[in-house]
$ cat input.csv   # CSV, C-alpha atoms (C1' of nucleotides)
chain,number,residue,atom,x,y,z
A,1,MET,CA,1.2,22.6,13.0
A,2,SER,CA,-1.0,19.7,13.8
A,3,ASN,CA,1.3,16.8,13.0
A,4,LYS,CA,4.8,16.0,11.9
A,5,ILE,CA,3.8,14.8,8.4
A,6,GLN,CA,2.2,18.2,7.8
A,7,GLU,CA,5.2,20.0,9.2
A,8,ILE,CA,7.5,18.2,6.8
A,9,TYR,CA,5.3,19.1,3.9
A,10,GLN,CA,5.4,22.8,4.9
A,11,MET,CA,9.1,22.7,5.3
A,12,LEU,CA,9.7,21.2,1.9
A,13,PHE,CA,7.2,23.4,0.1
A,14,ASP,CA,8.7,26.5,1.7
A,15,ARG,CA,12.2,25.4,0.7
A,16,PHE,CA,11.6,23.9,-2.8
A,17,GLY,CA,8.3,25.3,-4.0
A,18,PRO,CA,5.9,23.6,-6.3
A,19,GLN,CA,7.5,20.8,-8.4
A,20,HIS,CA,5.0,20.6,-11.2
A,21,TRP,CA,5.5,16.9,-11.7
A,22,TRP,CA,4.5,15.2,-14.9
A,23,PRO,CA,3.1,18.5,-16.2
A,24,GLY,CA,1.6,19.0,-19.7
A,25,GLU,CA,1.7,15.3,-20.5
A,26,THR,CA,-1.3,13.2,-21.6
A,27,PRO,CA,-2.6,10.7,-19.1
A,28,PHE,CA,-1.6,7.9,-21.5
A,29,GLU,CA,2.0,9.2,-21.6
A,30,VAL,CA,2.0,9.4,-17.8
A,31,MET,CA,0.8,5.9,-17.5
A,32,VAL,CA,3.5,4.5,-19.8
A,33,GLY,CA,6.1,6.6,-18.0
A,34,ALA,CA,5.0,5.1,-14.7
A,35,VAL,CA,5.8,1.6,-15.9
A,36,LEU,CA,9.0,2.6,-17.6
A,37,THR,CA,10.4,4.3,-14.6
A,38,GLN,CA,10.4,1.2,-12.4
A,39,ASN,CA,13.8,1.1,-10.7
A,40,THR,CA,15.2,3.4,-13.5
A,41,ASN,CA,16.2,7.1,-13.6
A,42,TRP,CA,13.9,9.5,-15.5
A,43,THR,CA,16.5,10.6,-18.1
A,44,ASN,CA,16.5,7.0,-19.5
A,45,VAL,CA,12.7,7.0,-19.5
A,46,SER,CA,12.6,10.2,-21.4
A,47,ARG,CA,14.7,8.7,-24.2
A,48,ALA,CA,12.3,5.8,-24.4
A,49,ILE,CA,9.3,8.1,-24.5
A,50,ALA,CA,11.0,10.2,-27.2
A,51,ASN,CA,11.5,7.1,-29.3
A,52,LEU,CA,7.8,6.4,-29.2
A,53,GLN,CA,6.8,10.0,-29.9
A,54,GLN,CA,9.3,10.0,-32.8
A,55,GLY,CA,7.2,7.5,-34.7
A,56,ASP,CA,3.8,8.7,-33.5
A,57,LEU,CA,3.6,5.5,-31.4
A,58,LEU,CA,2.6,7.0,-28.1
A,59,SER,CA,-1.1,6.2,-28.2
A,60,PHE,CA,-3.2,3.3,-27.0
A,61,GLN,CA,-3.9,2.1,-30.5
A,62,ALA,CA,-0.3,2.2,-31.7
A,63,LEU,CA,1.2,0.5,-28.7
A,64,HIS,CA,-1.6,-2.1,-28.5
A,65,ALA,CA,-1.1,-3.0,-32.2
A,66,MET,CA,2.7,-3.2,-31.9
A,67,PRO,CA,4.5,-6.5,-31.5
A,68,PRO,CA,6.1,-6.8,-28.0
A,69,SER,CA,9.5,-7.3,-29.6
A,70,LEU,CA,9.2,-3.9,-31.5
A,71,LEU,CA,7.9,-2.2,-28.4
A,72,ALA,CA,10.9,-3.6,-26.5
A,73,GLU,CA,13.2,-2.2,-29.1
A,74,LYS,CA,11.7,1.3,-28.8
A,75,ILE,CA,11.8,1.5,-25.0
A,76,ARG,CA,15.3,0.0,-24.9
A,77,PRO,CA,17.0,3.0,-23.2
A,78,ALA,CA,14.6,2.6,-20.2
A,79,GLY,CA,16.3,-0.7,-19.3
A,80,TYR,CA,14.6,-4.0,-18.5
A,81,TYR,CA,13.1,-3.4,-21.9
A,82,ASN,CA,11.7,-7.0,-22.5
A,83,LEU,CA,10.2,-7.0,-19.1
A,84,LYS,CA,8.7,-3.6,-19.4
A,85,ALA,CA,7.3,-4.2,-22.9
A,86,ALA,CA,5.5,-7.3,-21.5
A,87,ARG,CA,4.2,-5.2,-18.5
A,88,LEU,CA,2.9,-2.5,-20.8
A,89,LYS,CA,1.2,-5.1,-22.9
A,90,ASN,CA,-0.5,-6.6,-19.8
A,91,LEU,CA,-1.8,-3.1,-18.9
A,92,LEU,CA,-3.0,-2.3,-22.5
A,93,ASN,CA,-4.7,-5.7,-22.7
A,94,LEU,CA,-6.7,-5.0,-19.6
A,95,ILE,CA,-7.9,-1.6,-21.0
A,96,ALA,CA,-8.7,-3.2,-24.3
A,97,ALA,CA,-10.6,-6.1,-22.9
A,98,GLU,CA,-12.6,-4.3,-20.2
A,99,TYR,CA,-12.8,-0.7,-21.5
A,100,GLN,CA,-12.6,-1.1,-25.3
A,101,GLY,CA,-9.3,0.7,-25.2
A,102,ARG,CA,-10.9,3.9,-23.7
A,103,LEU,CA,-8.4,5.2,-21.2
A,104,SER,CA,-10.9,7.8,-20.0
A,105,ASP,CA,-13.4,5.0,-19.1
A,106,PHE,CA,-10.8,3.1,-17.2
A,107,PHE,CA,-9.7,6.2,-15.3
A,108,ALA,CA,-13.4,7.0,-14.6
A,109,GLU,CA,-13.6,4.0,-12.3
A,110,GLU,CA,-13.9,4.7,-8.6
A,111,THR,CA,-10.5,5.2,-7.0
A,112,ALA,CA,-10.3,2.0,-5.0
A,113,VAL,CA,-11.6,0.0,-8.0
A,114,LEU,CA,-9.1,1.6,-10.3
A,115,ARG,CA,-6.2,0.8,-7.9
A,116,GLN,CA,-7.3,-2.8,-7.5
A,117,LYS,CA,-7.6,-3.3,-11.3
A,118,LEU,CA,-4.1,-1.9,-11.7
A,119,LEU,CA,-2.7,-4.1,-9.0
A,120,ALA,CA,-4.2,-7.2,-10.7
A,121,VAL,CA,-2.0,-6.5,-13.7
A,122,LYS,CA,1.2,-8.5,-13.7
A,123,GLY,CA,4.0,-6.0,-13.5
A,124,VAL,CA,2.1,-3.3,-11.8
A,125,GLY,CA,2.9,-3.1,-8.1
A,126,PRO,CA,1.7,-0.7,-5.4
A,127,GLU,CA,4.0,2.2,-6.4
A,128,THR,CA,3.2,2.0,-10.1
A,129,ALA,CA,-0.5,1.6,-9.5
A,130,ASP,CA,-0.6,4.6,-7.1
A,131,SER,CA,1.5,6.7,-9.5
A,132,ILE,CA,-1.0,6.0,-12.3
A,133,VAL,CA,-4.0,6.7,-10.1
A,134,LEU,CA,-2.5,10.0,-8.9
A,135,TYR,CA,-0.6,11.4,-11.8
A,136,ALA,CA,-2.5,10.0,-14.8
A,137,ALA,CA,-6.1,9.6,-13.4
A,138,HIS,CA,-5.8,12.5,-11.0
A,139,LYS,CA,-7.4,10.6,-8.1
A,140,PRO,CA,-6.2,10.6,-4.5
A,141,ALA,CA,-3.6,7.8,-4.0
A,142,PHE,CA,-0.5,8.6,-2.0
A,143,VAL,CA,2.7,7.3,-3.7
A,144,VAL,CA,5.3,5.7,-1.6
A,145,ASP,CA,8.7,5.1,-3.2
A,146,ALA,CA,12.3,4.3,-2.3
A,147,TYR,CA,13.0,7.9,-1.4
A,148,THR,CA,10.0,8.1,0.8
A,149,TYR,CA,11.1,5.0,2.7
A,150,ARG,CA,14.7,6.2,2.9
A,151,ILE,CA,13.9,9.7,4.2
A,152,LEU,CA,11.4,8.5,6.8
A,153,SER,CA,13.7,5.7,7.8
A,154,ARG,CA,16.7,8.0,8.3
A,155,HIS,CA,14.6,10.4,10.4
A,156,SER,CA,13.2,7.5,12.5
A,157,LEU,CA,9.6,8.1,11.5
A,158,ILE,CA,9.1,4.5,10.5
A,159,VAL,CA,10.6,1.2,11.5
A,160,GLU,CA,13.3,-0.4,9.4
A,161,ASP,CA,11.1,-3.1,7.9
A,162,ALA,CA,8.0,-0.9,7.4
A,163,GLY,CA,5.9,-2.1,4.4
A,164,TYR,CA,4.3,-0.1,1.6
A,165,ASP,CA,0.8,0.1,3.0
A,166,GLU,CA,2.0,1.0,6.4
A,167,ILE,CA,4.0,3.9,5.1
A,168,GLN,CA,1.2,5.1,2.9
A,169,GLU,CA,-1.2,5.0,5.8
A,170,LEU,CA,1.1,7.3,7.8
A,171,PHE,CA,0.6,10.0,5.2
A,172,VAL,CA,-3.1,9.3,4.4
A,173,GLY,CA,-3.9,9.3,8.1
A,174,ALA,CA,-2.2,12.7,8.7
A,175,LEU,CA,-3.3,14.6,5.6
A,176,PRO,CA,-6.6,15.7,4.0
A,177,GLU,CA,-7.4,13.6,1.0
A,178,ASP,CA,-6.4,15.9,-1.7
A,179,VAL,CA,-5.0,15.2,-5.2
A,180,ARG,CA,-3.0,18.4,-5.4
A,181,LEU,CA,-1.4,17.8,-2.0
A,182,TYR,CA,-0.6,14.1,-2.6
A,183,ASN,CA,0.9,15.1,-6.0
A,184,GLU,CA,3.1,17.9,-4.6
A,185,TYR,CA,4.1,16.0,-1.4
A,186,HIS,CA,5.5,13.0,-3.3
A,187,ALA,CA,7.3,15.2,-5.8
A,188,LEU,CA,8.8,17.2,-2.9
A,189,LEU,CA,10.0,14.0,-1.2
A,190,VAL,CA,11.7,12.9,-4.5
A,191,LYS,CA,13.3,16.4,-4.7
A,192,LEU,CA,14.6,16.1,-1.2
A,193,GLY,CA,15.8,12.5,-1.8
A,194,LYS,CA,17.7,13.5,-4.9
A,195,ASP,CA,19.4,16.5,-3.3
A,196,PHE,CA,20.0,15.3,0.2
A,197,CYS,CA,19.2,11.7,0.8
A,198,ARG,CA,21.0,9.5,-1.7
A,199,LYS,CA,21.6,5.9,-1.0
A,200,SER,CA,25.3,6.3,-0.9
A,201,LYS,CA,25.1,8.9,1.8
A,202,PRO,CA,24.3,7.2,5.1
A,203,LEU,CA,23.6,10.5,6.8
A,204,CYS,CA,22.1,13.4,4.9
A,205,ALA,CA,24.4,16.4,5.4
A,206,SER,CA,22.5,19.6,6.2
A,207,CYS,CA,19.1,17.9,5.5
A,208,PRO,CA,16.3,20.5,5.6
A,209,LEU,CA,14.4,18.2,7.9
A,210,ASP,CA,17.0,18.2,10.6
A,211,GLY,CA,15.4,20.8,12.8
A,212,LEU,CA,12.1,19.0,13.1
B,1,DC,C1',35.9,-0.2,-12.1
B,2,DA,C1',31.7,-0.3,-8.9
B,3,DC,C1',27.5,1.6,-7.8
B,4,DC,C1',23.1,3.8,-8.5
B,5,DA,C1',18.4,5.0,-10.5
B,6,DG,C1',10.9,7.3,-8.8
B,7,DG,C1',10.0,-1.9,-8.8
B,8,DC,C1',8.2,-6.2,-9.3
B,9,DA,C1',7.7,-11.1,-9.7
B,10,DA,C1',9.5,-15.6,-9.4
B,11,DG,C1',12.4,-18.9,-7.3
B,12,DT,C1',14.3,-21.2,-3.2
B,13,DA,C1',14.1,-23.5,1.3
C,1,DT,C1',6.8,-16.8,5.5
C,2,DA,C1',11.4,-14.8,4.5
C,3,DC,C1',15.2,-14.1,1.8
C,4,DT,C1',17.4,-14.1,-2.9
C,5,DT,C1',17.8,-13.3,-7.8
C,6,DG,C1',16.7,-11.7,-12.6
C,7,DC,C1',15.7,-8.0,-15.4
C,8,DA,C1',19.3,-3.8,-18.4
C,9,DT,C1',20.2,0.8,-19.8
C,10,DG,C1',23.0,5.1,-19.1
C,11,DG,C1',25.2,8.4,-15.7
C,12,DT,C1',28.6,9.3,-11.9

$ encode --input "input.csv" --output "structure tokens"
Amino acid sequence: MSNKIQEIYQMLFDRFGPQHWWPGETPFEVMVGAVLTQNTNWTNVSRAIANLQQGDLLSFQALHAMPPSLLAEKIRPAGYYNLKAARLKNLLNLIAAEYQGRLSDFFAEETAVLRQKLLAVKGVGPETADSIVLYAAHKPAFVVDAYTYRILSRHSLIVEDAGYDEIQELFVGALPEDVRLYNEYHALLVKLGKDFCRKSKPLCASCPLDGL
DNA sequence: CACCAGGCAAGTA
DNA sequence: TACTTGCATGGT
């Protein structure tokens, strides 16, 4: 194999198989989920999404028309609900103001432009922006999250104080620019993180990456 | 009971 | 610039 980043991918894919992350969801739902999941486990996010679906509220028009306080109430199970309601509103306001509420027009922007527009929204940082670009807009942006950092850090592939862009570049520089691959790789890292690299375990027992 | 979960922005010095 | 703190629910 040509480099370590590719070796790790091969190892994870062989071991865990395709993860099918965020499958069968609408791009809008994926975008909302990306904000709701900030520092929050996915089960709580699912409850929040279900609340919105329950009242047919999971659409641009419905959320944009909804008062922030009501939106906050609906997404309550996701935690930080006041904060996240405001962040969703910020995002919806951008799409309303610059794209007439047409998500497909927004997502049709060139990748780098889309990412910059997302980053300019208050409440959307690099991980949320890249998650939306990759999983909702289906454009190539490698997502770096807490698991990515922890896994690479424990295997001494990055320095302790490595920043987001630095870690992202490690992957982008070692891989072909491919949406499918970015999608699967990030999902596999989360799978590995959940199963073998929890925060509370300083050393990952029998980690699949140990032989590399 | 303490700690954790697919972050981000604002405040402090 | 470099830390620190607030935001909050539900599971282990």

$ closest_residue --input "input.csv" --among "A:Asn3, A:Gln10, A:Ser104, A:Thr40" --to "chain B" --atoms "all atoms listed in the file"
A:Thr40

$ residues_around --input "input.csv" --residues "range 3-8 of chain B" --least-positions-apart "5" --cutoff "9 Å" --atoms "all atoms listed in the file" --output "ChimeraX atom specification"
/A:34-35,37-42,122-125,127-128,145-147,190,199-200 /C:11-12

$ residues_around --input "input.csv" --residues "range 181-188 of chain A" --least-positions-apart "6" --cutoff "10 Å" --atoms "only C-alpha atoms (C1' of nucleotides)" --output "JSON, numbers by chain"
{"A": [5, 6, 8, 9, 10, 11, 12, 13, 15, 16, 17, 18, 19, 20, 21, 22, 131, 134, 135, 138, 139, 140, 141, 142, 143, 144, 145, 147, 148, 171, 172, 175, 194], "B": [6]}

$ atom_distance --input "input.csv" --atom1 "C1' of DA10 in chain B" --atom2 "CA of Gly79 in chain A"
19.1 Å

$ closest_residue --input "input.csv" --among "A:Leu92, A:Ala129, A:Tyr81, A:Ala174" --to "Ala112 in chain A" --atoms "all atoms listed in the file"
A:Ala129

$ atom_distance --input "input.csv" --atom1 "CA of Glu166 in chain A" --atom2 "CA of Val121 in chain A"
21.8 Å

$ atom_distance --input "input.csv" --atom1 "CA of Leu192 in chain A" --atom2 "CA of Thr111 in chain A"
28.0 Å

$ closest_atom_pairs --input "input.csv" --of "chain A" --to "chain C" --cutoff "6 Å" --atoms "all atoms listed in the file" --output "CSV"
residue,atom,partner,partner_atom,distance
A:Pro77,CA,C:DT9,C1',5.2
A:Ala78,CA,C:DT9,C1',5.9
A:Gly79,CA,C:DT9,C1',4.2
A:Tyr80,CA,C:DA8,C1',4.7

$ closest_residue --input "input.csv" --among "A:Leu52, A:Asn93, A:Leu209, A:Met31" --to "Phe107 in chain A" --atoms "only C-alpha atoms"
A:Met31

$ closest_residue --input "input.csv" --among "A:Phe60, A:Tyr164, A:Tyr99, A:Phe106" --to "chain B" --atoms "only C-alpha atoms (C1' of nucleotides)"
A:Tyr164

$ closest_residue --input "input.csv" --among "A:Gly211, A:Gly163, A:Gly33, A:Gly173" --to "chain B" --atoms "all atoms listed in the file"
A:Gly33

$ build_atoms --input "input.csv" --residues "range 164-176 of chain A" --atoms "N, CA and C atoms" --output "PDB file, in the frame of the given file"
ATOM      1  N   TYR A 164       4.887  -1.131   2.438  1.00  0.00           N
ATOM      2  CA  TYR A 164       4.300  -0.100   1.600  1.00  0.00           C
ATOM      3  C   TYR A 164       3.029   0.494   2.214  1.00  0.00           C
ATOM      4  N   ASP A 165       2.069  -0.379   2.508  1.00  0.00           N
ATOM      5  CA  ASP A 165       0.800   0.100   3.000  1.00  0.00           C
ATOM      6  C   ASP A 165       0.884   0.829   4.323  1.00  0.00           C
ATOM      7  N   GLU A 166       1.807   0.375   5.130  1.00  0.00           N
ATOM      8  CA  GLU A 166       2.000   1.000   6.400  1.00  0.00           C
ATOM      9  C   GLU A 166       2.535   2.433   6.272  1.00  0.00           C
ATOM     10  N   ILE A 167       3.480   2.614   5.360  1.00  0.00           N
ATOM     11  CA  ILE A 167       4.000   3.900   5.100  1.00  0.00           C
ATOM     12  C   ILE A 167       2.967   4.840   4.481  1.00  0.00           C
ATOM     13  N   GLN A 168       2.233   4.281   3.550  1.00  0.00           N
ATOM     14  CA  GLN A 168       1.200   5.100   2.900  1.00  0.00           C
ATOM     15  C   GLN A 168       0.151   5.546   3.910  1.00  0.00           C
ATOM     16  N   GLU A 169      -0.213   4.672   4.826  1.00  0.00           N
ATOM     17  CA  GLU A 169      -1.200   5.000   5.800  1.00  0.00           C
ATOM     18  C   GLU A 169      -0.742   6.145   6.753  1.00  0.00           C
ATOM     19  N   LEU A 170       0.564   6.194   6.968  1.00  0.00           N
ATOM     20  CA  LEU A 170       1.100   7.300   7.800  1.00  0.00           C
ATOM     21  C   LEU A 170       0.795   8.632   7.177  1.00  0.00           C
ATOM     22  N   PHE A 171       0.896   8.717   5.861  1.00  0.00           N
ATOM     23  CA  PHE A 171       0.600  10.000   5.200  1.00  0.00           C
ATOM     24  C   PHE A 171      -0.916  10.205   5.055  1.00  0.00           C
ATOM     25  N   VAL A 172      -1.625   9.168   4.631  1.00  0.00           N
ATOM     26  CA  VAL A 172      -3.100   9.300   4.400  1.00  0.00           C
ATOM     27  C   VAL A 172      -3.784   9.662   5.716  1.00  0.00           C
ATOM     28  N   GLY A 173      -3.302   9.078   6.808  1.00  0.00           N
ATOM     29  CA  GLY A 173      -3.900   9.300   8.100  1.00  0.00           C
ATOM     30  C   GLY A 173      -3.631  10.720   8.643  1.00  0.00           C
ATOM     31  N   ALA A 174      -2.586  11.352   8.125  1.00  0.00           N
ATOM     32  CA  ALA A 174      -2.200  12.700   8.700  1.00  0.00           C
ATOM     33  C   ALA A 174      -2.539  13.825   7.777  1.00  0.00           C
ATOM     34  N   LEU A 175      -3.032  13.526   6.586  1.00  0.00           N
ATOM     35  CA  LEU A 175      -3.300  14.600   5.600  1.00  0.00           C
ATOM     36  C   LEU A 175      -4.735  14.563   5.124  1.00  0.00           C
ATOM     37  N   PRO A 176      -5.257  15.712   4.717  1.00  0.00           N
ATOM     38  CA  PRO A 176      -6.600  15.700   4.000  1.00  0.00           C
ATOM     39  C   PRO A 176      -6.435  14.995   2.712  1.00  0.00           C
TER      40      PRO A 176
END
